[in-house]
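J.: Here you go, run-v2.pdb (PDB, C-alpha atoms and all ligand atoms):
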ATOM      1  CA  MET A 102     -19.906  -5.422   8.360  1.00  0.00           C
ATOM      2  CA  ASP A 103     -16.971  -5.230   6.021  1.00  0.00           C
ATOM      3  CA  ILE A 104     -13.490  -4.939   7.495  1.00  0.00           C
ATOM      4  CA  VAL A 105     -12.385  -2.813   4.564  1.00  0.00           C
ATOM      5  CA  THR A 106     -14.830  -0.111   3.596  1.00  0.00           C
ATOM      6  CA  ALA A 107     -15.086   2.853   1.243  1.00  0.00           C
ATOM      7  CA  ASP A 108     -18.092   4.211   3.163  1.00  0.00           C
ATOM      8  CA  PHE A 109     -17.051   7.635   4.430  1.00  0.00           C
ATOM      9  CA  SER A 110     -19.719   7.542   7.154  1.00  0.00           C
ATOM     10  CA  ARG A 111     -17.644   4.840   8.851  1.00  0.00           C
ATOM     11  CA  PHE A 112     -14.417   6.861   8.750  1.00  0.00           C
ATOM     12  CA  GLY A 113     -13.454   8.856  11.834  1.00  0.00           C
ATOM     13  CA  ALA A 114     -12.263  12.468  11.584  1.00  0.00           C
ATOM     14  CA  ARG A 115      -8.608  11.440  11.457  1.00  0.00           C
ATOM     15  CA  GLU A 116      -9.307   8.874   8.725  1.00  0.00           C
ATOM     16  CA  LEU A 117     -11.257  11.422   6.656  1.00  0.00           C
ATOM     17  CA  ILE A 118      -8.348  13.851   6.840  1.00  0.00           C
ATOM     18  CA  THR A 119      -5.938  11.104   5.751  1.00  0.00           C
ATOM     19  CA  ALA A 120      -8.294  10.214   2.871  1.00  0.00           C
ATOM     20  CA  ALA A 121      -8.476  13.859   1.804  1.00  0.00           C
ATOM     21  CA  ARG A 122      -4.674  14.160   1.891  1.00  0.00           C
ATOM     22  CA  LEU A 123      -4.303  10.972  -0.172  1.00  0.00           C
ATOM     23  CA  LEU A 124      -6.701  12.348  -2.787  1.00  0.00           C
ATOM     24  CA  GLU A 125      -4.893  15.672  -2.825  1.00  0.00           C
ATOM     25  CA  LEU A 126      -1.538  13.994  -3.429  1.00  0.00           C
ATOM     26  CA  TYR A 127      -3.086  11.681  -6.012  1.00  0.00           C
ATOM     27  CA  ALA A 128      -4.376  14.766  -7.844  1.00  0.00           C
ATOM     28  CA  GLU A 129      -1.102  16.667  -7.514  1.00  0.00           C
ATOM     29  CA  LYS A 130       1.477  13.939  -8.087  1.00  0.00           C
ATOM     30  CA  GLY A 131      -0.352  10.729  -8.977  1.00  0.00           C
ATOM     31  CA  ALA A 132       1.009   7.297  -8.096  1.00  0.00           C
ATOM     32  CA  ASP A 133       2.744   5.280 -10.846  1.00  0.00           C
ATOM     33  CA  PHE A 134       1.982   1.917  -9.283  1.00  0.00           C
ATOM     34  CA  LEU A 135      -1.803   2.442  -9.210  1.00  0.00           C
ATOM     35  CA  GLY A 136      -3.747   1.446 -12.322  1.00  0.00           C
ATOM     36  CA  ASP A 137      -7.483   1.506 -12.959  1.00  0.00           C
ATOM     37  CA  GLN A 138     -10.408   1.606 -10.538  1.00  0.00           C
ATOM     38  CA  VAL A 139      -8.601   3.511  -7.828  1.00  0.00           C
ATOM     39  CA  SER A 140     -10.576   4.140  -4.672  1.00  0.00           C
ATOM     40  CA  VAL A 141     -10.069   5.097  -1.050  1.00  0.00           C
ATOM     41  CA  SER A 142     -10.350   2.294   1.503  1.00  0.00           C
ATOM     42  CA  PHE A 143     -10.345   2.152   5.266  1.00  0.00           C
ATOM     43  CA  ASN A 144      -9.466  -0.985   7.198  1.00  0.00           C
ATOM     44  CA  VAL A 145     -11.512  -0.670  10.381  1.00  0.00           C
ATOM     45  CA  TYR A 146      -9.310  -3.197  12.226  1.00  0.00           C
ATOM     46  CA  SER A 147      -5.870  -1.863  11.380  1.00  0.00           C
ATOM     47  CA  GLY A 148      -6.969   1.775  11.138  1.00  0.00           C
ATOM     48  CA  TYR A 149      -5.154   2.124   7.825  1.00  0.00           C
ATOM     49  CA  VAL A 150      -6.568   4.437   5.175  1.00  0.00           C
ATOM     50  CA  PHE A 151      -5.158   3.779   1.717  1.00  0.00           C
ATOM     51  CA  LEU A 152      -5.710   3.953  -2.013  1.00  0.00           C
ATOM     52  CA  THR A 153      -6.230   0.692  -3.827  1.00  0.00           C
ATOM     53  CA  ASP A 154      -6.782  -0.335  -7.440  1.00  0.00           C
ATOM     54  CA  GLU A 155      -8.298  -3.265  -9.318  1.00  0.00           C
ATOM     55  CA  ASP A 156      -5.076  -5.293  -8.953  1.00  0.00           C
ATOM     56  CA  TYR A 157      -5.031  -4.784  -5.158  1.00  0.00           C
ATOM     57  CA  ASN A 158      -2.034  -2.480  -5.293  1.00  0.00           C
ATOM     58  CA  VAL A 159      -2.001  -0.401  -2.121  1.00  0.00           C
ATOM     59  CA  GLY A 160      -0.823   3.176  -1.654  1.00  0.00           C
ATOM     60  CA  LEU A 161      -0.255   4.674   1.796  1.00  0.00           C
ATOM     61  CA  LEU A 162       0.198   8.280   2.801  1.00  0.00           C
ATOM     62  CA  ASP A 163       3.755   9.226   3.713  1.00  0.00           C
ATOM     63  CA  SER A 164       3.124  12.599   5.333  1.00  0.00           C
ATOM     64  CA  ALA A 165       6.806  13.252   6.011  1.00  0.00           C
ATOM     65  CA  LYS A 166       7.688  12.903   2.332  1.00  0.00           C
ATOM     66  CA  GLU A 167       4.390  14.320   1.094  1.00  0.00           C
ATOM     67  CA  GLN A 168       3.811  11.427  -1.254  1.00  0.00           C
ATOM     68  CA  ILE A 169       1.894   8.221  -1.780  1.00  0.00           C
ATOM     69  CA  VAL A 170       4.092   5.182  -1.203  1.00  0.00           C
ATOM     70  CA  GLN A 171       3.392   1.638  -2.289  1.00  0.00           C
ATOM     71  CA  PHE A 172       2.716  -0.868   0.468  1.00  0.00           C
ATOM     72  CA  PHE A 173       3.816  -4.389  -0.431  1.00  0.00           C
ATOM     73  CA  SER A 174       2.824  -7.763   0.874  1.00  0.00           C
ATOM     74  CA  CYS A 175       5.079 -10.667  -0.129  1.00  0.00           C
ATOM     75  CA  PRO A 176       2.880 -13.377  -1.712  1.00  0.00           C
ATOM     76  CA  GLU A 177       5.278 -16.079  -0.473  1.00  0.00           C
ATOM     77  CA  CYS A 178       6.069 -15.300   3.177  1.00  0.00           C
ATOM     78  CA  GLY A 179       3.553 -12.575   3.985  1.00  0.00           C
ATOM     79  CA  TYR A 180       6.168  -9.969   4.909  1.00  0.00           C
ATOM     80  CA  GLU A 181       4.599  -6.506   4.631  1.00  0.00           C
ATOM     81  CA  GLY A 182       5.994  -3.023   4.321  1.00  0.00           C
ATOM     82  CA  THR A 183       7.090  -0.232   2.038  1.00  0.00           C
ATOM     83  CA  GLN A 184      10.157  -0.555  -0.171  1.00  0.00           C
ATOM     84  CA  GLU A 185      12.045   1.705   2.224  1.00  0.00           C
ATOM     85  CA  GLU A 186      11.190  -0.480   5.220  1.00  0.00           C
ATOM     86  CA  ALA A 187      12.104  -3.583   3.213  1.00  0.00           C
ATOM     87  CA  LEU A 188      15.522  -2.181   2.301  1.00  0.00           C
ATOM     88  CA  GLU A 189      16.233  -1.496   5.972  1.00  0.00           C
ATOM     89  CA  GLU A 190      15.726  -5.195   6.634  1.00  0.00           C
ATOM     90  CA  GLY A 191      17.782  -6.366   3.679  1.00  0.00           C
ATOM     91  CA  LYS A 192      14.736  -7.133   1.548  1.00  0.00           C
ATOM     92  CA  ASP A 193      13.834  -5.597  -1.817  1.00  0.00           C
ATOM     93  CA  PHE A 194      10.370  -5.703  -3.399  1.00  0.00           C
ATOM     94  CA  TYR A 195      11.348  -3.719  -6.520  1.00  0.00           C
ATOM     95  CA  LYS A 196      14.136  -6.099  -7.406  1.00  0.00           C
ATOM     96  CA  HIS A 197      12.083  -9.287  -6.937  1.00  0.00           C
ATOM     97  CA  GLU A 198       8.850  -8.468  -8.791  1.00  0.00           C
ATOM     98  CA  GLY A 199       6.823  -7.860  -5.644  1.00  0.00           C
ATOM     99  CA  PHE A 200       8.401 -10.660  -3.596  1.00  0.00           C
ATOM    100  CA  CYS A 201      10.424  -9.527  -0.581  1.00  0.00           C
ATOM    101  CA  SER A 202      13.603 -11.470  -1.333  1.00  0.00           C
ATOM    102  CA  PHE A 203      15.381 -13.626  -3.898  1.00  0.00           C
ATOM    103  CA  GLU A 204      14.448 -16.721  -1.851  1.00  0.00           C
ATOM    104  CA  CYS A 205      10.738 -15.896  -1.981  1.00  0.00           C
ATOM    105  CA  TRP A 206      10.945 -14.999  -5.680  1.00  0.00           C
ATOM    106  CA  GLN A 207      12.788 -18.240  -6.468  1.00  0.00           C
ATOM    107  CA  LYS A 208      10.174 -20.428  -4.768  1.00  0.00           C
ATOM    108  CA  ASN A 209       7.625 -19.124  -7.256  1.00  0.00           C
ATOM    109  CA  GLN A 210       9.525 -19.731 -10.486  1.00  0.00           C
TER     110      GLN A 210
HETATM  111 ZN    ZN B 301       8.863 -13.009   1.218  1.00  0.00          ZN
END
Show me this structure written as structure tokens.
Ligand SMILES: [Zn+2]
T.:
Amino acid sequence: MDIVTADFSRFGARELITAARLLELYAEKGADFLGDQVSVSFNVYSGYVFLTDEDYNVGLLDSAKEQIVQFFSCPECGYEGTQEEALEEGKDFYKHEGFCSFECWQKNQ
């Protein structure tokens, strides 16, 4: 069985509610960072429900802020988190084209 699924019969009640909220926010506000072929996915191991597109961009529900936030994964070191979490740790995905830091960005030039 797939670890990441879009099969709603495999979602639990909590995951379905998260999926519904993500779709609602996507309808109301959209998400700039998501392109084409957007779908809802559920990672059965991590429990994360998220939106994803054809370029593997990932959008998570931020229920406190009532918005969809981009979840990054640094291609160099594997550090994962939102931009806000990254900034708290002195990293910055926006500034380094999706890499978490200048060091990681530089290694790929
Ligand atoms: Zn990194």
J.: Which chains and residue numbers are within 7 Å of ligand ZN 301 (chain B), counting all atoms listed in the file, if I want them as a list of chain:residue names?
T.: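 Written in the requested form, the residues are A:Cys175, A:Pro176, A:Glu177, A:Cys178, A:Gly179, A:Tyr180, A:Phe200, A:Cys201, A:Ser202, A:Cys205.
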J.: Since I can't run it myself right now, could you work out what the PyMOL selection byres (((chain A and resi 106) around 10) and not hetatm) selects here and report it as a PyMOL selection string?
T.: chain A and resi 102-105+107-112+141-145+150
J.: Please dump the current selection as a tab-separated table (two decimals), keeping the file's coordinate frame; keep C-alpha atoms.
T.:
chain	number	residue	atom	x	y	z
A	102	MET	CA	-19.91	-5.42	8.36
A	103	ASP	CA	-16.97	-5.23	6.02
A	104	ILE	CA	-13.49	-4.94	7.50
A	105	VAL	CA	-12.38	-2.81	4.56
A	107	ALA	CA	-15.09	2.85	1.24
A	108	ASP	CA	-18.09	4.21	3.16
A	109	PHE	CA	-17.05	7.64	4.43
A	110	SER	CA	-19.72	7.54	7.15
A	111	ARG	CA	-17.64	4.84	8.85
A	112	PHE	CA	-14.42	6.86	8.75
A	141	VAL	CA	-10.07	5.10	-1.05
A	142	SER	CA	-10.35	2.29	1.50
A	143	PHE	CA	-10.34	2.15	5.27
A	144	ASN	CA	-9.47	-0.98	7.20
A	145	VAL	CA	-11.51	-0.67	10.38
A	150	VAL	CA	-6.57	4.44	5.18
J.: Taking all atoms listed in the file into account, which of A:Gln168, A:Gln184, A:Asn158, A:Gln210 comes nearest Lys130 in chain A?
T.: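 Nearest candidate to Lys130 in chain A out of A:Gln168, A:Gln184, A:Asn158, A:Gln210: A:Gln168.
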J.: With distances taken over all atoms listed in the file, which of A:Phe134, A:Tyr195, A:Phe151, A:Trp206 is nearest to Leu117 in chain A?
T.: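 For Leu117 in chain A, the nearest of the given residues is A:Phe151.
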J.: Evaluate the PyMOL selection byres (((chain A and resi 182) around 12) and not hetatm) against this structure - the residues, as a PyMOL selection string, please.
T.: chain A and resi 159-161+170-175+179-181+183-190+192-194+199-201
J.: Taking all atoms of range 109-127 of chain A that appear in the file, build a box with edges along x, y and z, extend it by 3 Å on every side, and state its centre and edge lengths in Å to one decimal, as AutoDock Vina command-line options.
T.:
--center_x -10.6 --center_y 10.3 --center_z 2.9 --size_x 24.2 --size_y 16.8 --size_z 23.8
J.: Within 6 Å of (-8.9, 3.2, -3.8), all atoms listed in the file: residues as a PDB file with C-alpha atoms, keeping the file's coordinate frame?
T.:
ATOM      1  CA  VAL A 139      -8.601   3.511  -7.828  1.00  0.00           C
ATOM      2  CA  SER A 140     -10.576   4.140  -4.672  1.00  0.00           C
ATOM      3  CA  VAL A 141     -10.069   5.097  -1.050  1.00  0.00           C
ATOM      4  CA  SER A 142     -10.350   2.294   1.503  1.00  0.00           C
ATOM      5  CA  LEU A 152      -5.710   3.953  -2.013  1.00  0.00           C
ATOM      6  CA  THR A 153      -6.230   0.692  -3.827  1.00  0.00           C
ATOM      7  CA  ASP A 154      -6.782  -0.335  -7.440  1.00  0.00           C
TER       8      ASP A 154
END
J.: Quick one: pull the distance between CA of Leu135 in chain A and CA of Ile169 in chain A, Å, one decimal.
T.: 10.1 Å
J.: For Leu123 in chain A, please output as a PDB file with C-alpha atoms, in the coordinates of the input all residues within 7 Å (counting only C-alpha atoms; exclusion window: fewer than 3 positions along the same chain).
T.:
ATOM      1  CA  THR A 119      -5.938  11.104   5.751  1.00  0.00           C
ATOM      2  CA  ALA A 120      -8.294  10.214   2.871  1.00  0.00           C
ATOM      3  CA  LEU A 126      -1.538  13.994  -3.429  1.00  0.00           C
ATOM      4  CA  TYR A 127      -3.086  11.681  -6.012  1.00  0.00           C
ATOM      5  CA  LEU A 162       0.198   8.280   2.801  1.00  0.00           C
ATOM      6  CA  ILE A 169       1.894   8.221  -1.780  1.00  0.00           C
TER       7      ILE A 169
END
J.: My list of candidates is A:Glu204, A:Glu198, A:Gly191, A:Ser164. Which is closest to Arg122 in chain A when distances are computed with all atoms listed in the file?
T.: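 Comparing A:Glu204, A:Glu198, A:Gly191, A:Ser164 against Arg122 in chain A, the winner is A:Ser164.
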J.: Using CA of Ala114 in chain A and CA of Glu155 in chain A as the two end points, give the distance in Å to one decimal.
T.: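 Going from CA of Ala114 in chain A over to CA of Glu155 in chain A covers 26.5 Å.
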J.: When you draw a straight line from CA of Ala128 in chain A to CA of Lys196 in chain A, how long is it in Å?
T.: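 Computing the Euclidean distance for CA of Ala128 in chain A and CA of Lys196 in chain A yields 27.9 Å.
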J.: Since the input is missing atoms, can you rebuild N, CA and C atoms for range 102-127 of chain A and write them as an mmCIF file, in the coordinates of the input?
T.:
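part-v3.cif written:
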data_model
loop_
_atom_site.group_PDB
_atom_site.id
_atom_site.type_symbol
_atom_site.label_atom_id
_atom_site.label_comp_id
_atom_site.auth_asym_id
_atom_site.auth_seq_id
_atom_site.Cartn_x
_atom_site.Cartn_y
_atom_site.Cartn_z
ATOM 1 N N MET A 102 -20.463 -6.646 8.967
ATOM 2 C CA MET A 102 -19.906 -5.422 8.360
ATOM 3 C C MET A 102 -18.525 -5.706 7.778
ATOM 4 N N ASP A 103 -18.262 -5.038 6.685
ATOM 5 C CA ASP A 103 -16.971 -5.230 6.021
ATOM 6 C C ASP A 103 -15.825 -4.680 6.870
ATOM 7 N N ILE A 104 -14.683 -5.395 6.791
ATOM 8 C CA ILE A 104 -13.490 -4.939 7.495
ATOM 9 C C ILE A 104 -12.862 -3.773 6.726
ATOM 10 N N VAL A 105 -12.908 -3.890 5.400
ATOM 11 C CA VAL A 105 -12.385 -2.813 4.564
ATOM 12 C C VAL A 105 -13.571 -2.127 3.897
ATOM 13 N N THR A 106 -13.671 -0.837 4.107
ATOM 14 C CA THR A 106 -14.830 -0.111 3.596
ATOM 15 C C THR A 106 -14.420 1.158 2.845
ATOM 16 N N ALA A 107 -15.275 1.581 1.937
ATOM 17 C CA ALA A 107 -15.086 2.853 1.243
ATOM 18 C C ALA A 107 -16.206 3.813 1.647
ATOM 19 N N ASP A 108 -16.957 3.430 2.685
ATOM 20 C CA ASP A 108 -18.092 4.211 3.163
ATOM 21 C C ASP A 108 -17.604 5.304 4.120
ATOM 22 N N PHE A 109 -17.612 6.529 3.639
ATOM 23 C CA PHE A 109 -17.051 7.635 4.430
ATOM 24 C C PHE A 109 -17.774 7.848 5.761
ATOM 25 N N SER A 110 -19.008 7.370 5.884
ATOM 26 C CA SER A 110 -19.719 7.542 7.154
ATOM 27 C C SER A 110 -19.109 6.676 8.253
ATOM 28 N N ARG A 111 -18.297 5.707 7.856
ATOM 29 C CA ARG A 111 -17.644 4.840 8.851
ATOM 30 C C ARG A 111 -16.227 5.304 9.191
ATOM 31 N N PHE A 112 -15.737 6.306 8.461
ATOM 32 C CA PHE A 112 -14.417 6.861 8.750
ATOM 33 C C PHE A 112 -14.530 7.801 9.951
ATOM 34 N N GLY A 113 -13.499 7.841 10.786
ATOM 35 C CA GLY A 113 -13.454 8.856 11.834
ATOM 36 C C GLY A 113 -12.873 10.140 11.249
ATOM 37 N N ALA A 114 -12.791 11.180 12.058
ATOM 38 C CA ALA A 114 -12.263 12.468 11.584
ATOM 39 C C ALA A 114 -10.827 12.325 11.078
ATOM 40 N N ARG A 115 -10.009 11.622 11.833
ATOM 41 C CA ARG A 115 -8.608 11.440 11.457
ATOM 42 C C ARG A 115 -8.494 10.701 10.127
ATOM 43 N N GLU A 116 -9.334 9.670 9.952
ATOM 44 C CA GLU A 116 -9.307 8.874 8.725
ATOM 45 C C GLU A 116 -9.769 9.700 7.526
ATOM 46 N N LEU A 117 -10.766 10.570 7.751
ATOM 47 C CA LEU A 117 -11.257 11.422 6.656
ATOM 48 C C LEU A 117 -10.168 12.397 6.210
ATOM 49 N N ILE A 118 -9.424 12.910 7.175
ATOM 50 C CA ILE A 118 -8.348 13.851 6.840
ATOM 51 C C ILE A 118 -7.250 13.130 6.059
ATOM 52 N N THR A 119 -6.932 11.897 6.484
ATOM 53 C CA THR A 119 -5.938 11.104 5.751
ATOM 54 C C THR A 119 -6.431 10.832 4.329
ATOM 55 N N ALA A 120 -7.716 10.486 4.191
ATOM 56 C CA ALA A 120 -8.294 10.214 2.871
ATOM 57 C C ALA A 120 -8.206 11.459 1.985
ATOM 58 N N ALA A 121 -8.519 12.603 2.555
ATOM 59 C CA ALA A 121 -8.476 13.859 1.804
ATOM 60 C C ALA A 121 -7.050 14.156 1.340
ATOM 61 N N ARG A 122 -6.087 13.903 2.226
ATOM 62 C CA ARG A 122 -4.674 14.160 1.891
ATOM 63 C C ARG A 122 -4.208 13.206 0.785
ATOM 64 N N LEU A 123 -4.639 11.951 0.870
ATOM 65 C CA LEU A 123 -4.303 10.972 -0.172
ATOM 66 C C LEU A 123 -4.849 11.425 -1.521
ATOM 67 N N LEU A 124 -6.086 11.894 -1.536
ATOM 68 C CA LEU A 124 -6.701 12.348 -2.787
ATOM 69 C C LEU A 124 -5.997 13.586 -3.328
ATOM 70 N N GLU A 125 -5.619 14.470 -2.416
ATOM 71 C CA GLU A 125 -4.893 15.672 -2.825
ATOM 72 C C GLU A 125 -3.575 15.305 -3.509
ATOM 73 N N LEU A 126 -2.828 14.407 -2.868
ATOM 74 C CA LEU A 126 -1.538 13.994 -3.429
ATOM 75 C C LEU A 126 -1.726 13.218 -4.728
ATOM 76 N N TYR A 127 -2.796 12.438 -4.794
ATOM 77 C CA TYR A 127 -3.086 11.681 -6.012
ATOM 78 C C TYR A 127 -3.374 12.657 -7.156
#
